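> Pasting a structure below so you can have a look.
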There are 2 protein chains.
Amino acid sequence: MTERFELVEKALITMLEEKNYGALRELMKTMNPVDIATLFSQLQDQKIALLFRLLPKELAAETFVEMEPEDQELLIRGFSDNELKEVLSELYVDDAADLVEEMPANVVRRILRQADPQMRLSINQILRYPENSAGSMMTTEYVSLKPDMTVGESILRIRRQGVDKETIYTCYVTKDRTLVGLVTVKDLLLAEDDDVLVEDIMLTNLISVTTHADQEEVARLFSKYNFLALPVVDRENRMVGIVTFDDAMDVLEEETTEDIELMGGVLPSEKTYLRSGIWELFKSRIPWLMLLMVSATFTGMIISSFEAALAAQVALTAFIPMLMGTGGNAGSQSSVTVIRALSLDEVRFSDLPKVLWKEIRVSVLCGVVLSLVCFAKIWLVDRMLFGNTQITLLMDGAVCLALLVTVVAAKIVGAILPIIAKRVKLDPAVMASPFITTIVDALSLLVYFLFAKTLLKL
Amino acid sequence: MTERFELVEKALITMLEEKNYGALRELMKTMNPVDIATLFSQLQDQKIALLFRLLPKELAAETFVEMEPEDQELLIRGFSDNELKEVLSELYVDDAADLVEEMPANVVRRILRQADPQMRLSINQILRYPENSAGSMMTTEYVSLKPDMTVGESILRIRRQGVDKETIYTCYVTKDRTLVGLVTVKDLLLAEDDDVLVEDIMLTNLISVTTHADQEEVARLFSKYNFLALPVVDRENRMVGIVTFDDAMDVLEEETTEDIELMGGVLPSEKTYLRSGIWELFKSRIPWLMLLMVSATFTGMIISSFEAALAAQVALTAFIPMLMGTGGNAGSQSSVTVIRALSLDEVRFSDLPKVLWKEIRVSVLCGVVLSLVCFAKIWLVDRMLFGNTQITLLMDGAVCLALLVTVVAAKIVGAILPIIAKRVKLDPAVMASPFITTIVDALSLLVYFLFAKTLLKL
């Protein structure tokens, strides 16, 4: 797929250079708006406006929605009032509201001036809801039916009103503005008779969200139940809009990226990697690096306080990286697994005892196997193969006991911390490897030196 | 939401204990099949069969599809032939094929015996495709139209055939079995006239996949283009089936989980965390732990070879964890960001020079800031506050220079390795923190000791 797209891209750029606008127009007509927008993002500014004006009206609007905010702003600044009006009239209300959210104030004023009064009203309504809430994701354009309408009347209504609605496939049944049920177009089309009443075929086991629900929660409902659309109601259960699955998928993707970034110790940003400037990347990375570097003062202090022991047995130092590394890896395995299970809602706070018991058994199993292999390896490789005669059986034993305790502690800490974090309303993903590694590093050193001092009598 | 669900759960279990089956049935009727299946997975075996038989026919089939394979197997073993036949007749072909893939051989034989001949044929066709291919995800139940049909004829066809089709909202236009276009039900319903021909309103800028396309690629297309369904064609571009968005979303979720697990050094498994046994978790975790532990032999060797220097200046040891930790964190920040960008197709192999140049600048910026702070911290805290007089300005300088070089090297390695991995058809997620940490650990120690030996003349 990627290669095919790169071929089309090259063909387009050649046509652009040859100013073969007729062929360009024909080729772009066969493309998906998403691909046209991707192509635009790689062109120079003046070329974007040129190509955009070649697109047929509807395709132009569809492409506009998919474009990066920077490119949208550029286009709007170049538009005449009439061009802007035309593009706006083709947009769905939720896309128009997204646009207004992204643009600077003077562009927003122009957009609102050119939007028709109905759209202006809807945009203002959507923008009143908090960012990242269901209200700010929704569109107010949906098909609404009444319980006492017949199937025939409903289909007629869809055919008359559908053109402006983001989806017609799920229709919402309201009574005095309160949501009472839903019917799909499939139900309507497959109904036995045109005279059947909507209230006799509508589904009433509804799942809806309130306008203030968090967008991540909304997206999770889509992926759990495979909805095409989800109704949004106010506190009095009055229907105010719908969220459609395309927006939910975008949110899901963003939230997953955010989780992954947090797990890697990066503060999430909205921009893609290639579009982020050096300064932005720096700002998203330096906080965790700095925090963890400074907190490593503790590990340094632990080592310093055991300096006498280390001076007496320098060979002990050689095992520090292995111990800390294995501890860190063991901890991040558990934390990553539990964080993902939490975000898929497979694990809840009430599962804490179950998780703890599972991790204790798995970690003992891993720890014992690793320690045995490590014991043999140190003796066979480090002592016999490389002839490091400082290594004694007791030292080997101290290293491997420390390894066992470290692995068990790391896995327990790694599994428990994310669950507790979620309980106290922190993002569990913060409790991933960078954070846990720092705790485990200190832990493993302490355990190691205590065993070494006791066993080797240092 | 979660709390509400837990309340319903409690109510159900109380009713079950009180054997109040009438109320149970009424309550379950108001629930979504996904939630009923979740509830079942928490019940004892004999209760599942009891509750399942209380469900109305259609809801029972919908619930069955959402259940865990273990629970499905349990139910089937308890079913009479007639009950099995009834559930099967309500399933879509792709769900039936999934079921057959999951069940043991003797259960599969029973299923195939009770399925009607048409379904048996379709199941066999789907199972012929490789696992994780578009062919194995697809369903053969879609609405197909001809280019010379009118809108009126098309709607009539949908109304007659639609009941057995997984989606009716996208209809595929074929000519001699070759895919030539698609029409949505929205287009049909909103067409100006019932006499308009399908070929005059169908979309022809089609995106399709072949039966052998990888399921991850298929899922990515859904999330990129927001499709409801995607046509699957054979090598001769003949239409053989469709993939629907609900299956694509499931694949996307699985693949993301796999990526996240790999990044945490865990071999991916298909089971959820709570359903995985101790032995399974052990097997998915021990390989990377073992590999990384053994490869830490290198870091041990590096330390051993600088033993004389360490013995002369024991204070040097105290900075090892900080150096290795910061290097590991710096590397995993870059690798995680790049791995995610690769899997969202935001970064390609041809972007390698751009990525390299970006990382060099960001890493120098991060490295310089960290080193300066580290220099001040070591002097003010370790030397002056804690009075560690072994620390000299030169030693402080050696640590901070090593830190700078480590951060830059770690970020470059972390960003480049995943891109190269993808190029040679390895999963980039393998190149995440555990793997990179091991490389960076060795690198940082080498650099540190070289600087220390040179500057401190050890």
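Chain labels run A, B, ... following the order of the structure tokens; each chain numbers its residues from 1, and ligands are numbered from 1 in the order shown.
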Pick out the residues sitting within 12 Å of Asp95 of chain A, and hand them over as a PDB file with C-alpha atoms, in the first residue's frame; count only C-alpha atoms, and ignore anything fewer than 4 positions along from it in its own chain.


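The resulting selection-v7.pdb:
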ATOM      1  CA  ALA A  61     -14.422  20.038   1.589  1.00  0.00           C
ATOM      2  CA  GLU A  62     -13.668  16.410   2.487  1.00  0.00           C
ATOM      3  CA  THR A  63      -9.968  17.017   1.924  1.00  0.00           C
ATOM      4  CA  PHE A  64     -10.068  20.240   3.946  1.00  0.00           C
ATOM      5  CA  VAL A  65     -11.331  18.373   7.012  1.00  0.00           C
ATOM      6  CA  GLU A  66      -8.413  15.922   6.832  1.00  0.00           C
ATOM      7  CA  MET A  67      -5.708  18.577   6.525  1.00  0.00           C
ATOM      8  CA  PRO A  69      -4.274  22.814  11.092  1.00  0.00           C
ATOM      9  CA  VAL A  87     -16.109  25.328   2.123  1.00  0.00           C
ATOM     10  CA  LEU A  88     -17.880  26.027   5.430  1.00  0.00           C
ATOM     11  CA  SER A  89     -21.280  25.166   3.990  1.00  0.00           C
ATOM     12  CA  GLU A  90     -19.957  21.694   3.126  1.00  0.00           C
ATOM     13  CA  LEU A  91     -18.555  20.988   6.628  1.00  0.00           C
ATOM     14  CA  LEU A  99     -11.560  24.002  13.068  1.00  0.00           C
ATOM     15  CA  VAL A 100     -12.597  26.977  15.184  1.00  0.00           C
ATOM     16  CA  GLU A 101     -10.823  25.462  18.185  1.00  0.00           C
ATOM     17  CA  GLU A 102      -7.546  25.152  16.268  1.00  0.00           C
ATOM     18  CA  MET A 119     -24.028  26.621  12.011  1.00  0.00           C
ATOM     19  CA  SER A 122     -24.240  25.036  16.789  1.00  0.00           C
ATOM     20  CA  ILE A 123     -20.532  25.853  16.828  1.00  0.00           C
ATOM     21  CA  ILE A 126     -20.285  22.814  21.072  1.00  0.00           C
ATOM     22  CA  LEU A 127     -17.518  25.201  22.102  1.00  0.00           C
ATOM     23  CA  SER A 136     -16.850  19.028  22.487  1.00  0.00           C
ATOM     24  CA  MET A 137     -16.581  15.874  20.302  1.00  0.00           C
ATOM     25  CA  MET A 138     -20.218  15.691  19.297  1.00  0.00           C
ATOM     26  CA  THR A 139     -22.184  16.933  16.338  1.00  0.00           C
ATOM     27  CA  THR A 140     -25.686  18.312  16.636  1.00  0.00           C
ATOM     28  CA  GLU A 141     -26.633  16.972  13.207  1.00  0.00           C
ATOM     29  CA  GLU A 166     -23.264  13.155   9.622  1.00  0.00           C
ATOM     30  CA  VAL A 243     -20.549  11.292  18.684  1.00  0.00           C
ATOM     31  CA  THR A 244     -19.646   9.344  15.530  1.00  0.00           C
ATOM     32  CA  ASP A 246     -14.618   8.236  13.177  1.00  0.00           C
ATOM     33  CA  ASP A 247     -14.040  10.864  15.872  1.00  0.00           C
TER      34      ASP A 247
END

> From a DSSP pass on the backbone, collect the residues of segment 161-389 of chain B flagged as strand (DSSP E or B) and hand them back as a ChimeraX atom specification.

/B:170-175,178-184,197,203,209-210,214,229-233,238-244

> Just how far from atom CA of Leu445 of chain A is atom CA of Lys457 of chain B, in Å to one decimal?

28.6 Å

> Go through A:Asn32, A:Thr326, A:Gln390, A:Ser304 and flag the residue nearest Thr204 of chain B, using only C-alpha atoms for the distances.

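Of the candidates, the smallest distance to Thr204 of chain B is held by A:Asn32.
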
> Fewer than 6 positions away in the same chain doesn't count, so skip those; otherwise give me all residues within 8 Å of Cys374 of chain A, counting only C-alpha atoms, as a list in words.

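These residues fall inside the cut-off: Cys400 of chain A; Met293 and Val294 of chain B.
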
> Taking all C-alpha atoms matched one to one in order, superimpose chain B on chain A and note the resulting RMSD in Å.

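Least-squares fit of chain B onto chain A, C-alpha RMSD 0.1 Å.
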
> Would you mind listing, for every residue of chain B within 6 Å of chain A, the two atoms forming the shortest contact and the distance between them in Å to one decimal, using only C-alpha atoms, sorted by chain and ascending residue number, as a tab-separated table?


residue	atom	partner	partner_atom	distance
B:Thr30	CA	A:Asn205	CA	4.6
B:Arg159	CA	A:Leu190	CA	5.3
B:Leu189	CA	A:Arg159	CA	5.7
B:Leu190	CA	A:Arg159	CA	5.2
B:Asn205	CA	A:Thr30	CA	4.6
B:Asn226	CA	A:Asp246	CA	5.5
B:Asp246	CA	A:Asn226	CA	5.5
B:Gly264	CA	A:Gln333	CA	5.0
B:Gly265	CA	A:Gln333	CA	6.0
B:Val266	CA	A:Gln333	CA	5.9
B:Ile278	CA	A:Val362	CA	5.6
B:Phe282	CA	A:Val362	CA	5.8
B:Met293	CA	A:Thr326	CA	5.9
B:Ala296	CA	A:Met322	CA	5.1
B:Gly300	CA	A:Ala318	CA	4.5
B:Ile303	CA	A:Ala318	CA	5.3
B:Ser304	CA	A:Ala318	CA	5.9
B:Ala318	CA	A:Gly300	CA	4.4
B:Phe319	CA	A:Gly300	CA	5.9
B:Met322	CA	A:Ala296	CA	5.1
B:Thr326	CA	A:Met293	CA	5.9
B:Ser332	CA	A:Gly264	CA	5.8
B:Gln333	CA	A:Gly264	CA	5.0
B:Val336	CA	A:Gly264	CA	5.8
B:Val362	CA	A:Ile278	CA	5.6

> If you keep C-alpha atoms, can you produce a file of those selected residues as a short mmCIF file (atom, residue, chain, number, x, y, z; two decimals), in the first residue's frame?


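This is the output file out.cif:
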data_model
loop_
_atom_site.label_atom_id
_atom_site.label_comp_id
_atom_site.auth_asym_id
_atom_site.auth_seq_id
_atom_site.Cartn_x
_atom_site.Cartn_y
_atom_site.Cartn_z
CA THR B 30 -32.02 -4.36 28.96
CA ARG B 159 -34.76 -5.05 1.78
CA LEU B 189 -31.77 6.83 0.01
CA LEU B 190 -30.79 10.38 -0.87
CA ASN B 205 -12.00 5.63 -6.22
CA ASN B 226 -12.55 5.71 8.77
CA ASP B 246 -15.82 -3.99 14.32
CA GLY B 264 8.02 -3.77 27.78
CA GLY B 265 10.05 -6.88 26.92
CA VAL B 266 7.10 -9.28 27.12
CA ILE B 278 1.18 -18.41 36.01
CA PHE B 282 6.28 -16.99 33.02
CA MET B 293 20.62 -10.81 32.05
CA ALA B 296 24.82 -7.95 30.95
CA GLY B 300 30.33 -6.73 33.90
CA ILE B 303 33.69 -2.84 34.76
CA SER B 304 36.15 -5.66 35.52
CA ALA B 318 28.60 6.08 42.83
CA PHE B 319 27.81 7.69 39.47
CA MET B 322 22.86 7.64 37.33
CA THR B 326 19.76 8.47 32.31
CA SER B 332 13.75 4.73 25.41
CA GLN B 333 12.19 8.18 24.97
CA VAL B 336 9.12 4.76 21.95
CA VAL B 362 17.39 17.37 20.44
#

> Find the residues near segment 13-19 of chain A: any atom within 9 Å, counting only C-alpha atoms, skip ones fewer than 5 places away on the same chain, and give them as a PyMOL selection string.

chain A and resi 8+24+43+47+51

> Would you mind exporting the chosen residues as a PDB file, in the first residue's frame, restricted to C-alpha atoms?


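Ended up saving to part_23.pdb:
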ATOM      1  CA  VAL A   8       0.951   8.266  -7.022  1.00  0.00           C
ATOM      2  CA  LEU A  24      -3.717  16.549 -11.960  1.00  0.00           C
ATOM      3  CA  LEU A  43       4.056  20.489  -0.546  1.00  0.00           C
ATOM      4  CA  LYS A  47       1.235  24.782  -4.311  1.00  0.00           C
ATOM      5  CA  LEU A  51      -4.053  22.177  -6.028  1.00  0.00           C
TER       6      LEU A  51
END

> Quick check, in Å to one decimal: how far apart do atom CA of Lys175 of chain A and atom CA of Gln125 of chain A lie?

21.7 Å

> Would you mind reading off the distance between atom CA of Arg177 of chain A and atom CA of Val240 of chain A, one decimal, in Å?

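Going from atom CA of Arg177 of chain A over to atom CA of Val240 of chain A covers 8.6 Å.
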
> So, counting only C-alpha atoms, which residue among A:Ala134, A:Leu385, A:Ile76, A:Ile391 is closest to Ile111 of chain A?

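Looking at the shortest contact to Ile111 of chain A, the residue is A:Ile76.
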
> Give me the residues within 9 Å of His212 of chain B as an mmCIF file with N, CA and C atoms, in the first residue's frame, counting only C-alpha atoms and dropping any in the same chain fewer than 6 places off.


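Final file, part.cif:
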data_model
loop_
_atom_site.group_PDB
_atom_site.id
_atom_site.type_symbol
_atom_site.label_atom_id
_atom_site.label_comp_id
_atom_site.auth_asym_id
_atom_site.auth_seq_id
_atom_site.Cartn_x
_atom_site.Cartn_y
_atom_site.Cartn_z
ATOM 1 N N TYR B 129 -7.676 -19.374 4.151
ATOM 2 C CA TYR B 129 -6.712 -18.274 4.097
ATOM 3 C C TYR B 129 -5.798 -18.326 5.304
ATOM 4 N N PRO B 130 -4.556 -17.822 5.132
ATOM 5 C CA PRO B 130 -3.613 -17.870 6.257
ATOM 6 C C PRO B 130 -4.155 -17.101 7.461
ATOM 7 N N ASN B 132 -4.366 -14.484 10.395
ATOM 8 C CA ASN B 132 -3.951 -13.081 10.404
ATOM 9 C C ASN B 132 -3.928 -12.439 9.024
ATOM 10 N N SER B 133 -4.646 -13.012 8.051
ATOM 11 C CA SER B 133 -4.750 -12.375 6.738
ATOM 12 C C SER B 133 -6.136 -11.762 6.597
ATOM 13 N N ALA B 134 -6.284 -10.873 5.602
ATOM 14 C CA ALA B 134 -7.589 -10.258 5.348
ATOM 15 C C ALA B 134 -8.634 -11.344 5.071
ATOM 16 N N GLY B 135 -8.228 -12.395 4.342
ATOM 17 C CA GLY B 135 -9.154 -13.477 4.018
ATOM 18 C C GLY B 135 -9.736 -14.137 5.261
ATOM 19 N N SER B 136 -8.906 -14.278 6.300
ATOM 20 C CA SER B 136 -9.398 -14.958 7.500
ATOM 21 C C SER B 136 -10.243 -14.028 8.377
ATOM 22 N N ASP B 234 -9.616 -11.092 -4.766
ATOM 23 C CA ASP B 234 -8.544 -12.058 -5.021
ATOM 24 C C ASP B 234 -7.535 -11.438 -5.995
#

> List the spatial neighbours of Thr392 of chain B as a PyMOL selection string - criterion: any atom at most 9 Å away, only C-alpha atoms, same-chain residues fewer than 3 positions off excluded.

chain B and resi 379+383+389+395-397
